[in-house]
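A.B. asks: Hey, dropping data_33.cif in here, mmCIF, C-alpha atoms:
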data_protein
loop_
_atom_site.group_PDB
_atom_site.id
_atom_site.type_symbol
_atom_site.label_atom_id
_atom_site.label_comp_id
_atom_site.auth_asym_id
_atom_site.auth_seq_id
_atom_site.Cartn_x
_atom_site.Cartn_y
_atom_site.Cartn_z
ATOM 1 C CA PRO A 1 26.241 19.911 22.545
ATOM 2 C CA PRO A 2 23.998 17.408 20.726
ATOM 3 C CA LEU A 3 24.211 14.788 23.537
ATOM 4 C CA SER A 4 23.719 16.867 26.646
ATOM 5 C CA LYS A 5 21.808 15.476 29.626
ATOM 6 C CA LYS A 6 18.900 17.794 28.861
ATOM 7 C CA SER A 7 18.650 16.763 25.217
ATOM 8 C CA VAL A 8 18.779 13.057 26.112
ATOM 9 C CA LYS A 9 15.939 13.523 28.624
ATOM 10 C CA ARG A 10 13.874 15.350 26.020
ATOM 11 C CA LEU A 11 14.518 12.564 23.515
ATOM 12 C CA LEU A 12 13.471 9.866 25.994
ATOM 13 C CA PHE A 13 10.338 11.828 26.894
ATOM 14 C CA PHE A 14 9.482 12.214 23.210
ATOM 15 C CA VAL A 15 9.980 8.470 22.582
ATOM 16 C CA ALA A 16 7.786 7.637 25.599
ATOM 17 C CA VAL A 17 4.987 9.924 24.377
ATOM 18 C CA MET A 18 5.193 8.466 20.875
ATOM 19 C CA PHE A 19 5.084 4.908 22.215
ATOM 20 C CA VAL A 20 2.026 5.571 24.391
ATOM 21 C CA SER A 21 0.322 7.359 21.472
ATOM 22 C CA TYR A 22 1.091 4.416 19.198
ATOM 23 C CA LEU A 23 -0.524 1.991 21.661
ATOM 24 C CA ALA A 24 -3.562 4.221 22.160
ATOM 25 C CA ILE A 25 -4.253 5.005 18.498
ATOM 26 C CA GLY A 26 -3.852 1.430 17.292
ATOM 27 C CA PHE A 27 -5.653 -0.276 20.185
ATOM 28 C CA PRO A 28 -6.145 -3.226 20.419
ATOM 29 C CA GLN A 29 -3.940 -4.425 17.529
ATOM 30 C CA THR A 30 -0.866 -2.590 18.815
ATOM 31 C CA PHE A 31 -0.753 -4.664 21.993
ATOM 32 C CA VAL A 32 0.559 -7.505 19.844
ATOM 33 C CA LEU A 33 3.973 -5.852 19.887
ATOM 34 C CA ASP A 34 5.736 -8.371 17.677
ATOM 35 C CA ARG A 35 3.218 -7.927 14.857
ATOM 36 C CA PRO A 36 4.796 -4.828 13.242
ATOM 37 C CA ILE A 37 8.264 -6.348 13.649
ATOM 38 C CA ARG A 38 7.166 -9.546 11.899
ATOM 39 C CA PHE A 39 5.558 -7.462 9.162
ATOM 40 C CA LEU A 40 8.726 -5.421 8.607
ATOM 41 C CA LEU A 41 10.826 -8.581 8.444
ATOM 42 C CA GLN A 42 8.419 -9.995 5.881
ATOM 43 C CA GLN A 43 8.484 -6.804 3.807
ATOM 44 C CA ASN A 44 12.274 -6.896 3.852
ATOM 45 C CA ARG A 45 12.049 -9.895 1.517
ATOM 46 C CA PHE A 46 10.738 -7.581 -1.198
ATOM 47 C CA SER A 47 13.839 -5.372 -1.139
ATOM 48 C CA VAL A 48 16.780 -6.150 -3.433
ATOM 49 C CA ALA A 49 19.958 -4.432 -4.649
ATOM 50 C CA PRO A 50 19.329 -1.299 -6.741
ATOM 51 C CA ASP A 51 19.828 -0.833 -10.454
ATOM 52 C CA VAL A 52 19.674 2.192 -12.726
ATOM 53 C CA GLU A 53 15.960 1.714 -13.343
ATOM 54 C CA SER A 54 15.112 1.637 -9.629
ATOM 55 C CA VAL A 55 17.189 4.755 -8.857
ATOM 56 C CA LEU A 56 15.523 6.674 -11.691
ATOM 57 C CA SER A 57 12.137 5.484 -10.446
ATOM 58 C CA TRP A 58 12.874 6.843 -6.940
ATOM 59 C CA LEU A 59 14.030 10.187 -8.366
ATOM 60 C CA SER A 60 10.925 10.431 -10.536
ATOM 61 C CA LEU A 61 8.718 9.668 -7.539
ATOM 62 C CA PHE A 62 10.355 12.360 -5.393
ATOM 63 C CA TRP A 63 10.042 14.888 -8.213
ATOM 64 C CA THR A 64 6.382 14.073 -8.857
ATOM 65 C CA GLN A 65 5.456 14.430 -5.190
ATOM 66 C CA LEU A 66 7.609 17.449 -4.332
ATOM 67 C CA TRP A 67 7.692 19.910 -7.221
ATOM 68 C CA LEU A 68 4.316 21.515 -6.514
ATOM 69 C CA PRO A 69 4.487 21.847 -2.686
ATOM 70 C CA THR A 70 8.101 23.001 -2.962
ATOM 71 C CA GLY A 71 7.035 25.734 -5.366
ATOM 72 C CA LEU A 72 4.323 26.868 -2.976
ATOM 73 C CA VAL A 73 6.740 26.979 -0.033
ATOM 74 C CA VAL A 74 9.222 29.031 -2.066
ATOM 75 C CA ALA A 75 6.429 31.373 -3.176
ATOM 76 C CA ILE A 76 5.509 32.003 0.450
ATOM 77 C CA GLY A 77 9.130 32.852 1.194
ATOM 78 C CA LEU A 78 9.184 35.356 -1.667
ATOM 79 C CA LEU A 79 5.894 37.034 -0.832
ATOM 80 C CA LEU A 80 5.769 37.325 2.936
ATOM 81 C CA LYS A 81 7.744 39.598 5.215
ATOM 82 C CA GLU A 82 10.681 38.252 7.151
ATOM 83 C CA THR A 83 9.785 36.620 10.454
ATOM 84 C CA THR A 84 11.726 35.061 13.269
ATOM 85 C CA THR A 85 12.473 31.477 12.386
ATOM 86 C CA THR A 86 11.671 28.812 14.966
ATOM 87 C CA ILE A 87 14.533 26.515 14.012
ATOM 88 C CA SER A 88 18.218 27.166 14.580
ATOM 89 C CA ARG A 89 20.901 26.867 11.940
ATOM 90 C CA GLN A 90 22.451 23.949 13.798
ATOM 91 C CA ALA A 91 19.099 22.139 13.843
ATOM 92 C CA ARG A 92 18.676 22.770 10.122
ATOM 93 C CA TYR A 93 22.048 21.182 9.436
ATOM 94 C CA ARG A 94 21.180 18.136 11.525
ATOM 95 C CA LEU A 95 17.791 17.714 9.898
ATOM 96 C CA GLY A 96 19.338 18.230 6.484
ATOM 97 C CA ALA A 97 21.868 15.482 7.223
ATOM 98 C CA LEU A 98 19.038 13.223 8.403
ATOM 99 C CA ILE A 99 17.093 13.857 5.179
ATOM 100 C CA LEU A 100 20.178 13.135 3.066
ATOM 101 C CA VAL A 101 20.919 9.874 4.880
ATOM 102 C CA ALA A 102 17.281 8.734 4.606
ATOM 103 C CA PHE A 103 17.227 9.648 0.913
ATOM 104 C CA CYS A 104 20.406 7.662 0.237
ATOM 105 C CA LEU A 105 19.020 4.664 2.130
ATOM 106 C CA MET A 106 15.837 4.746 0.066
ATOM 107 C CA ILE A 107 17.465 4.857 -3.343
ATOM 108 C CA SER A 108 19.964 2.186 -2.263
ATOM 109 C CA ARG A 109 17.215 -0.455 -2.417
ATOM 110 C CA LYS A 110 14.927 -1.662 -5.172
ATOM 111 C CA ILE A 111 11.450 -2.291 -3.758
ATOM 112 C CA LEU A 112 9.417 -4.990 -5.490
ATOM 113 C CA SER A 113 6.125 -4.239 -3.715
ATOM 114 C CA PRO A 114 4.136 -0.973 -4.084
ATOM 115 C CA TYR A 115 6.168 1.824 -2.482
ATOM 116 C CA SER A 116 4.853 5.200 -3.676
ATOM 117 C CA TYR A 117 3.790 6.127 -0.118
ATOM 118 C CA TYR A 118 7.182 5.298 1.414
ATOM 119 C CA THR A 119 8.427 8.801 0.625
ATOM 120 C CA PHE A 120 5.662 10.720 2.440
ATOM 121 C CA PRO A 121 7.435 11.115 5.830
ATOM 122 C CA LEU A 122 10.696 12.171 4.192
ATOM 123 C CA ASN A 123 8.929 14.631 1.895
ATOM 124 C CA SER A 124 7.085 16.164 4.841
ATOM 125 C CA LEU A 125 10.326 16.628 6.775
ATOM 126 C CA PHE A 126 11.996 18.183 3.729
ATOM 127 C CA LEU A 127 9.173 20.700 3.272
ATOM 128 C CA LEU A 128 9.258 21.565 6.981
ATOM 129 C CA VAL A 129 12.997 22.244 6.934
ATOM 130 C CA LEU A 130 12.656 24.204 3.685
ATOM 131 C CA ALA A 131 9.866 26.367 5.097
ATOM 132 C CA CYS A 132 11.925 27.134 8.211
ATOM 133 C CA SER A 133 15.080 27.875 6.221
ATOM 134 C CA LEU A 134 13.901 30.187 3.462
ATOM 135 C CA PRO A 135 14.284 33.917 4.117
ATOM 136 C CA ARG A 136 11.081 35.965 3.921
ATOM 137 C CA LEU A 137 12.182 38.337 1.171
ATOM 138 C CA ASN A 138 8.919 40.217 0.588
ATOM 139 C CA LEU A 139 10.166 40.906 -2.934
ATOM 140 C CA PHE A 140 6.967 42.434 -4.204
ATOM 141 C CA ARG A 141 6.259 44.503 -1.066
ATOM 142 C CA VAL A 142 2.754 43.156 -0.863
ATOM 143 C CA THR A 143 0.391 43.199 2.073
ATOM 144 C CA LYS A 144 -0.549 40.056 3.929
ATOM 145 C CA GLY A 145 -4.036 40.211 2.435
ATOM 146 C CA LEU A 146 -2.782 40.393 -1.148
ATOM 147 C CA ALA A 147 -0.213 37.689 -0.477
ATOM 148 C CA THR A 148 -2.981 35.464 0.881
ATOM 149 C CA ILE A 149 -5.114 36.044 -2.227
ATOM 150 C CA VAL A 150 -2.202 35.237 -4.524
ATOM 151 C CA LEU A 151 -1.328 32.063 -2.616
ATOM 152 C CA LEU A 152 -4.951 30.919 -2.559
ATOM 153 C CA ALA A 153 -5.162 31.475 -6.308
ATOM 154 C CA VAL A 154 -2.034 29.392 -6.846
ATOM 155 C CA TRP A 155 -3.374 26.688 -4.524
ATOM 156 C CA TRP A 156 -6.705 26.640 -6.369
ATOM 157 C CA TRP A 157 -4.909 26.333 -9.703
ATOM 158 C CA ALA A 158 -2.758 23.511 -8.394
ATOM 159 C CA GLY A 159 -5.791 21.663 -7.027
ATOM 160 C CA GLN A 160 -7.956 21.898 -10.152
ATOM 161 C CA GLY A 161 -9.478 18.535 -10.939
ATOM 162 C CA MET A 162 -8.807 17.218 -7.436
ATOM 163 C CA GLY A 163 -12.497 17.033 -6.593
ATOM 164 C CA GLN A 164 -13.199 15.198 -9.829
ATOM 165 C CA SER A 165 -10.364 12.790 -9.043
ATOM 166 C CA PHE A 166 -11.826 12.085 -5.584
ATOM 167 C CA GLN A 167 -15.224 11.430 -7.165
ATOM 168 C CA GLU A 168 -13.728 9.069 -9.745
ATOM 169 C CA ASN A 169 -11.892 7.149 -7.015
ATOM 170 C CA LEU A 170 -15.086 6.911 -4.964
ATOM 171 C CA GLU A 171 -17.007 5.544 -7.930
ATOM 172 C CA LYS A 172 -14.227 3.050 -8.649
ATOM 173 C CA LEU A 173 -14.196 1.831 -5.039
ATOM 174 C CA THR A 174 -17.981 1.385 -4.876
ATOM 175 C CA ALA A 175 -18.586 0.111 -8.419
ATOM 176 C CA CYS A 176 -18.406 -3.555 -7.386
ATOM 177 C CA ARG A 177 -20.437 -3.279 -4.202
ATOM 178 C CA GLU A 178 -23.522 -4.989 -5.646
ATOM 179 C CA ALA A 179 -21.380 -7.685 -7.274
ATOM 180 C CA ALA A 180 -19.694 -8.310 -3.930
ATOM 181 C CA ARG A 181 -23.066 -8.689 -2.228
ATOM 182 C CA SER A 182 -24.158 -11.174 -4.882
ATOM 183 C CA ALA A 183 -20.922 -13.190 -4.553
ATOM 184 C CA TYR A 184 -21.259 -13.178 -0.766
ATOM 185 C CA GLY A 185 -24.825 -14.458 -1.051
ATOM 186 C CA THR A 186 -23.719 -17.271 -3.377
ATOM 187 C CA ILE A 187 -21.004 -18.439 -0.970
ATOM 188 C CA ASN A 188 -23.352 -18.154 1.985
ATOM 189 C CA GLN A 189 -25.885 -20.367 0.232
ATOM 190 C CA LEU A 190 -23.257 -22.963 -0.699
ATOM 191 C CA VAL A 191 -21.990 -23.071 2.889
ATOM 192 C CA ALA A 192 -25.568 -23.587 4.084
ATOM 193 C CA GLU A 193 -25.802 -26.550 1.678
ATOM 194 C CA GLY A 194 -22.770 -28.146 3.334
ATOM 195 C CA GLU A 195 -20.099 -27.247 0.782
ATOM 196 C CA LYS A 196 -16.489 -26.578 1.798
ATOM 197 C CA VAL A 197 -15.112 -23.395 0.212
ATOM 198 C CA TRP A 198 -11.521 -22.511 -0.697
ATOM 199 C CA SER A 199 -11.351 -18.742 -1.184
ATOM 200 C CA ASP A 200 -8.956 -16.222 -2.666
ATOM 201 C CA PRO A 201 -8.055 -13.065 -0.739
ATOM 202 C CA TYR A 202 -10.351 -10.099 -1.371
ATOM 203 C CA PHE A 203 -13.341 -12.358 -1.977
ATOM 204 C CA PRO A 204 -16.450 -11.574 0.132
ATOM 205 C CA VAL A 205 -17.036 -14.615 2.327
ATOM 206 C CA PRO A 206 -18.880 -15.050 5.644
ATOM 207 C CA THR A 207 -16.143 -14.297 8.155
ATOM 208 C CA LEU A 208 -17.772 -16.396 10.880
ATOM 209 C CA GLU A 209 -17.156 -19.451 8.701
ATOM 210 C CA LEU A 210 -13.415 -18.806 8.237
ATOM 211 C CA GLY A 211 -11.495 -21.774 9.602
ATOM 212 C CA LYS A 212 -14.656 -23.885 9.466
ATOM 213 C CA SER A 213 -16.488 -24.241 6.158
ATOM 214 C CA VAL A 214 -14.401 -21.529 4.482
ATOM 215 C CA GLN A 215 -10.624 -21.310 4.157
ATOM 216 C CA MET A 216 -8.712 -18.398 2.593
ATOM 217 C CA ASP A 217 -5.191 -18.787 1.183
ATOM 218 C CA TRP A 218 -2.876 -16.526 -0.797
ATOM 219 C CA ALA A 219 -1.821 -19.334 -3.127
ATOM 220 C CA LYS A 220 -3.462 -22.532 -4.268
ATOM 221 C CA SER A 221 -2.413 -25.843 -5.775
ATOM 222 C CA TRP A 222 -4.071 -29.031 -6.898
ATOM 223 C CA GLU A 223 -2.426 -30.849 -4.008
ATOM 224 C CA GLY A 224 -3.900 -28.353 -1.548
ATOM 225 C CA MET A 225 -7.295 -28.754 -3.201
ATOM 226 C CA ARG A 226 -7.145 -32.511 -2.793
ATOM 227 C CA ASN A 227 -5.784 -32.517 0.755
ATOM 228 C CA GLY A 228 -8.277 -29.893 1.955
ATOM 229 C CA GLY A 229 -11.312 -31.751 0.653
ATOM 230 C CA PHE A 230 -12.774 -28.563 -0.842
ATOM 231 C CA THR A 231 -15.870 -28.743 -3.032
ATOM 232 C CA VAL A 232 -16.114 -25.052 -4.015
ATOM 233 C CA VAL A 233 -13.437 -22.621 -5.182
ATOM 234 C CA ALA A 234 -14.074 -18.867 -4.820
ATOM 235 C CA LEU A 235 -11.644 -16.962 -7.058
ATOM 236 C CA ASN A 236 -10.886 -13.283 -7.493
ATOM 237 C CA ARG A 237 -9.664 -12.716 -11.050
ATOM 238 C CA ASN A 238 -8.070 -9.386 -10.136
ATOM 239 C CA PHE A 239 -5.973 -11.230 -7.543
ATOM 240 C CA TYR A 240 -4.992 -14.416 -9.326
ATOM 241 C CA GLN A 241 -3.881 -12.717 -12.562
ATOM 242 C CA ARG A 242 -0.454 -12.330 -10.944
ATOM 243 C CA TYR A 243 0.019 -16.108 -11.218
ATOM 244 C CA LEU A 244 -1.055 -16.518 -14.860
ATOM 245 C CA PRO A 245 2.243 -15.671 -16.641
ATOM 246 C CA ILE A 246 4.680 -18.550 -17.024
ATOM 247 C CA GLU A 247 7.290 -16.243 -15.483
ATOM 248 C CA PRO A 248 5.569 -13.944 -12.938
ATOM 249 C CA THR A 249 7.148 -10.877 -11.391
ATOM 250 C CA ASP A 250 9.973 -11.030 -8.864
ATOM 251 C CA TYR A 251 7.501 -9.847 -6.233
ATOM 252 C CA VAL A 252 5.311 -12.922 -6.748
ATOM 253 C CA LYS A 253 8.300 -15.266 -6.744
ATOM 254 C CA ARG A 254 9.526 -13.879 -3.436
ATOM 255 C CA ASP A 255 6.067 -13.697 -1.891
ATOM 256 C CA VAL A 256 4.977 -17.253 -2.707
ATOM 257 C CA LYS A 257 7.471 -20.104 -2.890
ATOM 258 C CA GLU A 258 4.933 -22.377 -4.605
ATOM 259 C CA TRP A 259 4.248 -19.898 -7.419
ATOM 260 C CA LYS A 260 4.633 -22.548 -10.136
ATOM 261 C CA GLU A 261 1.980 -24.768 -8.528
ATOM 262 C CA ALA A 262 -0.283 -21.742 -8.067
ATOM 263 C CA GLY A 263 0.111 -20.812 -11.730
ATOM 264 C CA GLU A 264 -0.819 -24.337 -12.842
ATOM 265 C CA PHE A 265 -3.908 -24.226 -10.641
ATOM 266 C CA TYR A 266 -5.218 -20.827 -11.733
ATOM 267 C CA ARG A 267 -4.488 -21.276 -15.445
ATOM 268 C CA ALA A 268 -6.857 -24.275 -15.424
ATOM 269 C CA PHE A 269 -9.788 -21.912 -14.687
ATOM 270 C CA GLU A 270 -8.882 -18.871 -16.778
ATOM 271 C CA GLY A 271 -11.512 -18.040 -19.399
ATOM 272 C CA LEU A 272 -13.401 -21.342 -19.079
ATOM 273 C CA ASP A 273 -16.867 -22.468 -17.990
ATOM 274 C CA ARG A 274 -15.766 -25.987 -17.136
ATOM 275 C CA SER A 275 -12.421 -27.207 -15.811
ATOM 276 C CA VAL A 276 -10.882 -30.595 -15.088
ATOM 277 C CA SER A 277 -8.129 -31.115 -12.527
ATOM 278 C CA PRO A 278 -5.106 -33.371 -13.204
ATOM 279 C CA SER A 279 -6.805 -36.073 -11.084
ATOM 280 C CA GLY A 280 -10.008 -35.862 -13.154
ATOM 281 C CA GLN A 281 -12.100 -33.753 -10.756
ATOM 282 C CA VAL A 282 -14.621 -31.659 -12.729
ATOM 283 C CA PHE A 283 -15.471 -28.043 -11.846
ATOM 284 C CA ASN A 284 -18.384 -26.043 -13.224
ATOM 285 C CA ARG A 285 -18.491 -22.273 -12.979
ATOM 286 C CA VAL A 286 -21.622 -21.150 -11.145
ATOM 287 C CA LEU A 287 -20.787 -17.431 -10.880
ATOM 288 C CA SER A 288 -18.769 -14.949 -12.908
ATOM 289 C CA ASP A 289 -19.096 -11.174 -13.143
ATOM 290 C CA SER A 290 -17.338 -8.113 -14.525
ATOM 291 C CA CYS A 291 -15.751 -7.385 -11.139
ATOM 292 C CA GLY A 292 -13.696 -10.574 -11.237
ATOM 293 C CA PHE A 293 -15.597 -12.736 -8.742
ATOM 294 C CA GLU A 294 -15.797 -16.393 -9.815
ATOM 295 C CA VAL A 295 -17.320 -19.380 -8.020
ATOM 296 C CA TRP A 296 -16.585 -22.940 -9.161
ATOM 297 C CA LYS A 297 -18.303 -26.052 -7.815
ATOM 298 C CA THR A 298 -17.216 -29.631 -8.201
ATOM 299 C CA GLU A 299 -19.475 -32.192 -9.855
ATOM 300 C CA LYS A 300 -20.777 -34.798 -7.457
#
What does the file become when written as structure tokens?
C.D. replies:
Amino acid sequence: PPLSKKSVKRLLFFVAVMFVSYLAIGFPQTFVLDRPIRFLLQQNRFSVAPDVESVLSWLSLFWTQLWLPTGLVVAIGLLLKETTTTISRQARYRLGALILVAFCLMISRKILSPYSYYTFPLNSLFLLVLACSLPRLNLFRVTKGLATIVLLAVWWWAGQGMGQSFQENLEKLTACREAARSAYGTINQLVAEGEKVWSDPYFPVPTLELGKSVQMDWAKSWEGMRNGGFTVVALNRNFYQRYLPIEPTDYVKRDVKEWKEAGEFYRAFEGLDRSVSPSGQVFNRVLSDSCGFEVWKTEK
């Protein structure tokens, strides 16, 4: 039976091992136990009722991520000799039901934030169940050595261009390293001169000054600028572009309640060398680069 005393003990032991592993791997952050719960509650704000577009997007995502590994798993089942499976039929049915329920729960929500990695655990479980369920037909009566060669050839074909893709991603991630160093040096110098900096996320600032001469916020407004007494604004163009449209995305509207005020603030700096606040405060741009780092300083 699925709820025997033995199975319950095994489940509790498994949960205990997973919990201890979670604490050990994520140490010391995981000892703040309410942190992941608060994060999940926050992320829940970016989930709304589904529509046809969202369902089709989920289906497309599953297809894109699964068609190739599924083909490889099926090919293994066709090529190799039959072996004793390590999973019972009853377990396959239970896991299949679990996969179906999880799949239905996923497509029943429209996610406003990036979600392409949400499907990884479910895809892995699906491939595991598929691999344990397929019969080993050995259709072509091939030896293990030949089967290995064929599978490696298919794997190589499927992975063509992967190394180039990794290299391109590496170059993209490191392309702005020198620009970041230069922006960091500019902010460091301004802090040393006694300036008070208001920074965007993803802007390189001296972390020891956070909460002192440097403050980082996810949204800005002219009122916040005035109340904070800031003399320098450090902006990341790649970040603040989300606020530039008159009507931003639903994600932005749910993430930041003061999105209108943030849009008014950021649009005053877009594409200019000199900006004037509604109260008459003048800002001059002292740094701008192709990576999106901008530094603005008020006139004394």
A.B. asks: Mind giving me the straight-line distance from CA of Val101 (chain A) to CA of Leu68 (chain A) in Å, one decimal?
C.D. replies: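 If I compute the distance from CA of Val101 (chain A) to CA of Leu68 (chain A), I get 23.3 Å.
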A.B. asks: For a cutoff of 7 Å around the file-coordinate point (-16.5, -24.4, -11.4), which residues qualify once you count all atoms listed in the file? I'd like the result as a count of residues only.
C.D. replies: 11
A.B. asks: Identify the residues around (15.0, -1.9, -5.1) within a radius of 6 Å, measuring from all atoms listed in the file in the coordinates stated by the file, and give them as a list in words.
C.D. replies: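 Within 6 Å of (15.0, -1.9, -5.1), the protein and nucleic acid residues are Ser47, Val48, Ala49, Pro50, Ser54, Arg109, Lys110 and Ile111 of chain A.
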A.B. asks: Please write as a ChimeraX atom specification the full residue list that the PyMOL selection byres ((chain A and resi 204-216) around 8) yields on this file.
C.D. replies: /A:180-181,183-184,187-188,191,194-203,217-218
A.B. asks: I need the chosen residues saved as a short mmCIF file (atom, residue, chain, number, x, y, z; two decimals), keeping the file's coordinate frame, with C-alpha atoms.
C.D. replies:
data_model
loop_
_atom_site.label_atom_id
_atom_site.label_comp_id
_atom_site.auth_asym_id
_atom_site.auth_seq_id
_atom_site.Cartn_x
_atom_site.Cartn_y
_atom_site.Cartn_z
CA ALA A 180 -19.69 -8.31 -3.93
CA ARG A 181 -23.07 -8.69 -2.23
CA ALA A 183 -20.92 -13.19 -4.55
CA TYR A 184 -21.26 -13.18 -0.77
CA ILE A 187 -21.00 -18.44 -0.97
CA ASN A 188 -23.35 -18.15 1.98
CA VAL A 191 -21.99 -23.07 2.89
CA GLY A 194 -22.77 -28.15 3.33
CA GLU A 195 -20.10 -27.25 0.78
CA LYS A 196 -16.49 -26.58 1.80
CA VAL A 197 -15.11 -23.40 0.21
CA TRP A 198 -11.52 -22.51 -0.70
CA SER A 199 -11.35 -18.74 -1.18
CA ASP A 200 -8.96 -16.22 -2.67
CA PRO A 201 -8.06 -13.06 -0.74
CA TYR A 202 -10.35 -10.10 -1.37
CA PHE A 203 -13.34 -12.36 -1.98
CA ASP A 217 -5.19 -18.79 1.18
CA TRP A 218 -2.88 -16.53 -0.80
#
A.B. asks: CA of Leu112 (chain A) and CA of Asp51 (chain A), how far apart in Å?
C.D. replies: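 Atom-to-atom, CA of Asp51 (chain A) and CA of Leu112 (chain A) are spaced 12.3 Å apart.
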